[in-house]
Each structure stands twice: as C-alpha cells, then as structure tokens.
Amino acid sequence: MSHRRDPSAERQRGDAMSGPLAPGLYIVATPIGNLRDITLRAVDVLSHCELVACEDTRVTGRLLQHLGVSRPLQRLDDHAGEAVLDTVLNRARTGAVALVSDAGTPLISDPGFRLVREARRRGLPVFAVPGPAAAMAALSIAGLPTDRFLFAGFLPAKEAARAEVLRELQSVRATVVFYETAPRLLRSLSQLAELWPDRACAVCRELTKLHEECRTGSAAELLAHFAEHPPRGEIVLLAGPPVDRPVALADADDLLREALGRSKPSKAAAEVARATGLDRRELYARARTLTGG
C-alpha cells in the first residue's frame with residue numbers, strides 16, 4: 001500500500017506551529033492522570049483548533065482551563081446521534097476539529113469509532129496526535145512480555161460472559177491486557193485464578209496519579225491481596241502468556257503412538273521432539289520399543 005504526502009497537512013506535522021492548522025479531524029490523546037503528561041503538540045492543537053469534540057464537556061473544560069485555553073466544546077459520546085456527527089464533520093471539512101476523550105487516547109475503549117469511520121468514508125483528513133494510553137503505560141511497567149500483546153478492552157460484567165471471553169483467549173500466546181473497574185476486580189481475579197492459574201499477572205491502578213500501584217503475582221496471589229486491601233481507582237489487569245508445561249518422557253508415549261501411525265520411528269521421534277522439546281534420541285529408542293523393533 002502506498003502513502004502519498006499531503007502537502008496541505010505539512011503545517012500540522014512540523015516541530016512547531018507556524019500557522020493555522022490544516023482542516024481535518026485530530027485525534028488527540030490527553031493525560032490519564034498527571035496533567036503534565038500532555039504533549040506539546042496536543043496543547044498546540046487544542047489551542048488552535050476551531051472545535052473540541054469531547055466525551056464530557058465538564059472534564060474537558062477543566063483540562064482546557066488548566067492549559068489556559070478556551071475553545072468551543074461539542075459533547076460527542078457513544079450515544080451521539082447522526083446530527084451531532086454531521087455537525088462535527090462539517091466543521092472538520094473547513095477547519096481543524098479535535099477529538100478527545102476524558103482521559104487517554106480516544107477510541108481505545110473510549111468513544112470516537114463512529115466519528116473516525118465516517119470521517120474517512122467522507123474523505124476527510126484524520127490526524128493522530130498520540131500520547132498517553134493506560135494500556136501502554138501498564139505494559140511498560142508490569143514486567144510481563146511485551147513482544148506480543150493483545151488489548152482486550154473491558155471484561156464483561158456477568159460471570160458467564162466473562163468466563164467465555166477468558167476461555168476464548170486462553171490459547172493466545174501473548175500478554176493479554178484488560179481494563180477493569182475496582183468493584184469487579186475481585187470477581188475477575190477469581191475467574192483468572194480458576195481458568196489461568198499458572199500465568200503471571202499484574203494489576204496496575206491509578207497510573208500516573210499520586211497513589212499509583214503496580215502489583216504482580218499469580219491471579220490467586222493478587223486476589224488474596226486485594227481481598228484484604230479493596231482496590232480503588234481505574235485499573236489495568238494484565239495476564240502473561242500461557243506457561244509451557246514440560247512433558248516427561250513417560251508422558252510422550254501417546255504422542256509417539258499417534259506419530260507412529262503415519263511415520264517410521266525416526267520421523268515419529270523427530271516430530272515429537274519438535275513438539276515437546278524432549279531428546280530425539282531418547283524418543284527414537286522409545287519408539288523402537290513401542291514398535292517392537
């Protein structure tokens with residue numbers, strides 16, 4: 001896929017403001033706690049845009065007041081009707097419109113998907129103004145593998161639905177990141193302890209705020225701790241990849257018998273060795289025994 005330069009957007013991509021913002025929709029990340037985490041570019045866009053579309057005008061109003069900025073605000077949450085989308089996108093056709101959520105990066109378990117999809121459908125420019133995101137902040141400090149991870153949003157509130165999601169994700173060989181609420185954390189940890197008992201987990205809460213905490217351990221250990229110390233604040237719950245359990249040589253017979261049904265002993269031993277990490281020569285000797293060779 002090729003990417004063409006958009007000369008009309010060069011002004012908004014520079015290191016510093018040198019004129020008015022190019023028309024379009026700007027997806028602006030805002031602090032998840034510490035207000036000093038806002039980027040310089042985010043401040044530029046919020047200071048010079050023509051309209052700020054936001055999840056809650058009161059929350060965004062306080063942020064703009066802190067920044068010393070006054071801009072028109074338009075509430076745009078998941079319940080926004082088509083008329084609101086039209087209003088925002090019509091403004092973005094001729095001027096710069098910023099989209100923010102209450103905290104973090106819009107669309108990441110926050111409103112904005114319908115707006116961005118419709119903006120792209122109408123051929124309007126959409127610009128990323130990246131910055132804080134609770135999922136990324138938690139991954140950076142939890143000490144769990146980050147070479148592969150899956151962001152799974154909020155776990156369902158009901159126990160049966162939550163268990164179904166966890167079973168669906170059970171075989172994903174990556175760190176799984178959830179958002180969770182304090183009142184539901186114990187129930188989620190209880191099901192993790194039951195369904196994913198061997199995985200390393202982490203609970204990160206109040207990220208970037210005064211009482212920031214990142215606690216690691218098994219789900220059962222975390223459950224015991226937070227049962228004694230009821231959690232407060234906003235929470236990111238992480239679970240590391242599945243643990244590979246070593247296979248004993250004596251337990252490999254079934255795998256060998258299956259492989260011997262389609263291959264000679266040497267190939268069967270090599271196949272099982274790749275699958276289990278066991279020594280190929282020992283497996284070959286066992287395969288010969290199983291075949292009476």
# chains A, B, ... in the order shown; residues from 1 in each chain; ligands from 1
>>> select_by_dssp(residues="stretch 150-273 of chain A", states="helix (DSSP H, G or I)", output="PyMOL selection string")
chain A and resi 159-169+182-195+219-228+249-260+265-273
>>> select_by_dssp(residues="stretch 38-274 of chain A", states="strand (DSSP E or B)", output="ChimeraX atom specification")
/A:51-54,73-75,96-100,104,126-129,149-154,175-181,200-205,213-218,234-239
>>> atom_distance(atom1="atom CA of A:Gly153", atom2="atom CA of A:Val177")
7.2 Å
>>> residues_around(residues="stretch 136-139 of chain A", least_positions_apart="4", cutoff="8 Å", atoms="only C-alpha atoms", output="VMD selection string")
chain A and resid 132 143 to 144 146 204 207 236 238
>>> residues_around(residues="A:Phe154", least_positions_apart="6", cutoff="9 Å", atoms="only C-alpha atoms", output="PyMOL selection string")
chain A and resi 109+178-181
>>> residues_around(residues="A:Glu50", least_positions_apart="4", cutoff="10 Å", atoms="only C-alpha atoms", output="VMD selection string")
chain A and resid 21 23 45 to 46 71 to 73 91 to 92 94 to 98
>>> write_last_selection(atoms="N, CA and C atoms", output="short mmCIF file (atom, residue, chain, number, x, y, z; two decimals), in the first residue's frame")
data_model
loop_
_atom_site.label_atom_id
_atom_site.label_comp_id
_atom_site.auth_asym_id
_atom_site.auth_seq_id
_atom_site.Cartn_x
_atom_site.Cartn_y
_atom_site.Cartn_z
N LEU A 21 -3.82 25.49 11.69
CA LEU A 21 -3.87 24.06 11.46
C LEU A 21 -4.59 23.74 10.16
N PRO A 23 -7.21 21.84 7.83
CA PRO A 23 -8.53 21.28 8.13
C PRO A 23 -8.46 19.77 8.31
N VAL A 45 -2.61 21.81 19.25
CA VAL A 45 -3.85 21.51 18.53
C VAL A 45 -5.06 22.01 19.31
N LEU A 46 -5.09 21.77 20.61
CA LEU A 46 -6.23 22.22 21.42
C LEU A 46 -6.30 23.74 21.49
N ARG A 71 -11.86 27.03 24.06
CA ARG A 71 -12.32 26.65 22.72
C ARG A 71 -13.77 26.18 22.81
N PRO A 72 -14.53 26.29 21.73
CA PRO A 72 -15.90 25.74 21.73
C PRO A 72 -15.86 24.23 21.94
N LEU A 73 -16.79 23.71 22.74
CA LEU A 73 -16.86 22.29 23.04
C LEU A 73 -18.15 21.70 22.48
N ARG A 91 -17.66 20.80 10.30
CA ARG A 91 -16.65 21.75 10.76
C ARG A 91 -15.25 21.29 10.36
N ALA A 92 -15.02 19.94 10.38
CA ALA A 92 -13.69 19.41 10.04
C ALA A 92 -13.38 19.53 8.56
N THR A 94 -13.73 22.25 6.80
CA THR A 94 -13.16 23.58 6.52
C THR A 94 -12.20 24.06 7.60
N GLY A 95 -12.15 23.37 8.74
CA GLY A 95 -11.27 23.79 9.83
C GLY A 95 -10.79 22.60 10.63
N ALA A 96 -9.96 22.87 11.61
CA ALA A 96 -9.39 21.81 12.45
C ALA A 96 -10.35 21.52 13.60
N VAL A 97 -10.69 20.24 13.76
CA VAL A 97 -11.53 19.79 14.88
C VAL A 97 -10.75 18.75 15.66
N ALA A 98 -10.69 18.91 16.98
CA ALA A 98 -10.00 17.94 17.84
C ALA A 98 -11.03 17.02 18.49
#
>>> residues_around(residues="stretch 60-62 of chain A", least_positions_apart="2", cutoff="12 Å", atoms="only C-alpha atoms", output="PyMOL selection string")
chain A and resi 28-31+35+46+52-58+64-76+98-104
>>> closest_residue(among="A:Arg184, A:Arg148, A:Arg215, A:His48", to="A:Arg162", atoms="only C-alpha atoms")
A:Arg184
>>> closest_residue(among="A:Arg199, A:Arg286, A:Lys267, A:Arg114", to="A:Val88", atoms="only C-alpha atoms")
A:Arg114
